[in-house]
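Engineer: Below you'll find the structure I mean.
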Amino acid sequence: HSSIAIKRIQVFLGGWSQRVIEYPWVLKQIKGMVKGALVLDVGCSESLLSHELLYSGLKVSGIDIYDHYYKPSNLSFIKRNIMDTQLADNSFDAIYIVSTIEHIDINNDGKLTIDDRGDFVTMNELHRICKPTGLVILTTPYIGGANFVIDYNERNYNRNRLDSIISNYEIVKEDYFYPLQKENKTAWIKVNRSEIDKMKFDIPGLACLILKPIK
């Protein structure tokens with residue numbers, strides 16, 4: 001579809017600056033999945049990810065509160081709020097939540113639509129529907145040791161807030177990327193957590209995590 005092609009070009013040219021890092025990182029993690037595994041793509045309606053997951057031979061469900069106009073024919077789409085999926089316990093081998101957790105329960109004016117704990121509710125729901133042997137693959141904006149803020153329509157996670165929402169998970173893998181800006185261009189530099197937690201940010205960095213639910 002033409003819109004998918006346009007998004008691919010934007011990623012290649014450096015549009016969606018975080019996506020330049022997120023998509024290759026996430027696709028690298030997919031390579032370890034067994035073909036036929038049951039996976040969930042959270043916030044799938046404007047994403048290329050479900051297409052890539054299907055192409056990799058996985059059985060994919062997608063969930064979003066918005067209609068999925070470019071839904072692949074073999075995607076099982078659920079139009080529902082991720083905070084209350086109504087899905088069975090221990091349903092999925094992997095759950096992908098890429099650049100999504102920061103937006104949950106926040107409208108376009110940067111105001112919370114219910115309360116300040118939509119991200120906690122979501123991570124608890126993912127914990128419930130992920131198999132004990134399964135994984136949650138999470139990416140989100142990250143600002144290290146700075147104060148947690150809601151900027152426009154997304155949360156910028158600091159160390160304490162990120163640790164809090166994943167407290168019932170084991171961290172299997174964690175990678176962090178710092179946005180080095182020069183002449184209106186951004187280069188993403190991979191750093192460890194102790195380094196990024198000491199850095200200052202003009203725009204948010206990126207946290208990419210693989211999590212295993214503690215059950």
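Following the order of the structure tokens, chains are lettered A, B, ..., residues in each are numbered from 1, and ligands are numbered from 1.
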Apply DSSP to the backbone of this structure and, from segment 98-207 of chain A, keep only the residues in alpha helix (DSSP H); write these as a list of chain:residue names.
Structural biologist: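 For segment 98-207 of chain A, the alpha helix (DSSP H) set is A:Gly118, A:Asp119, A:Phe120, A:Val121, A:Thr122, A:Met123, A:Asn124, A:Glu125, A:Leu126, A:His127, A:Arg128, A:Ile129, A:Arg159, A:Asn160, A:Arg161, A:Leu162, A:Asp163, A:Ser164, A:Ile165, A:Arg193, A:Ser194, A:Glu195, A:Ile196.
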Engineer: Give me the residues near Leu135 of chain A as a PyMOL selection string, where near means some atom within 12 Å (using only C-alpha atoms) and where sequence neighbours in that chain fewer than 6 positions away do not count.
Structural biologist: chain A and resi 29-30+32-33+37-40+90-97+126-129+169-173+209-214
Engineer: Mind pulling up the distance from atom CA of Asp151 of chain A to atom CA of Ile165 of chain A?
Structural biologist: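 Computed distance, atom CA of Ile165 of chain A to atom CA of Asp151 of chain A, equals 18.4 Å.
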Engineer: Between A:Gly62, A:Pro179, A:His103, A:Val34, single out the one closest to Val20 of chain A, counting only C-alpha atoms.
Structural biologist: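 That would be A:Pro179, the residue with the smallest distance to Val20 of chain A.
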Engineer: Please report, as JSON, numbers by chain, each residue of chain A to which DSSP assigns strand (DSSP E) when run on this structure's backbone.
Structural biologist: {"A": [38, 39, 40, 41, 42, 59, 60, 61, 62, 63, 64, 76, 77, 78, 79, 92, 93, 94, 95, 96, 97, 98, 130, 131, 132, 133, 134, 135, 136, 137, 138, 139, 140, 141, 142, 149, 150, 151, 154, 155, 156, 169, 170, 171, 172, 173, 174, 175, 176, 177, 178, 179, 180, 181, 182, 185, 186, 187, 188, 189, 190, 191, 205, 206, 207, 208, 209, 210, 211, 212, 213]}
Engineer: From the options A:Glu125, A:Leu58, A:Phe120, A:Lys190, which residue's atoms come nearest to Asn81 of chain A, counting only C-alpha atoms?
Structural biologist: A:Glu125
Engineer: Restricting the calculation to only C-alpha atoms: of A:Val26, A:Val149, A:Leu75, A:Ile137, which residue gets closest to Glu102 of chain A?
Structural biologist: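 Comparing A:Val26, A:Val149, A:Leu75, A:Ile137 against Glu102 of chain A, the winner is A:Val149.
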Engineer: Need to verify the contact set: segment 191-208 of chain A, 6 Å, only C-alpha atoms, exclusion of same-chain residues closer than 2 positions in sequence. Can you return it as a list of chain:residue names?
Structural biologist: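 Result of the neighbour search: A:Leu138, A:Thr139, A:Thr140, A:Pro141, A:Tyr142, A:Ile143, A:Gly144, A:Gly145, A:Glu174, A:Asp175, A:Tyr176, A:Phe177, A:Tyr178, A:Pro179.
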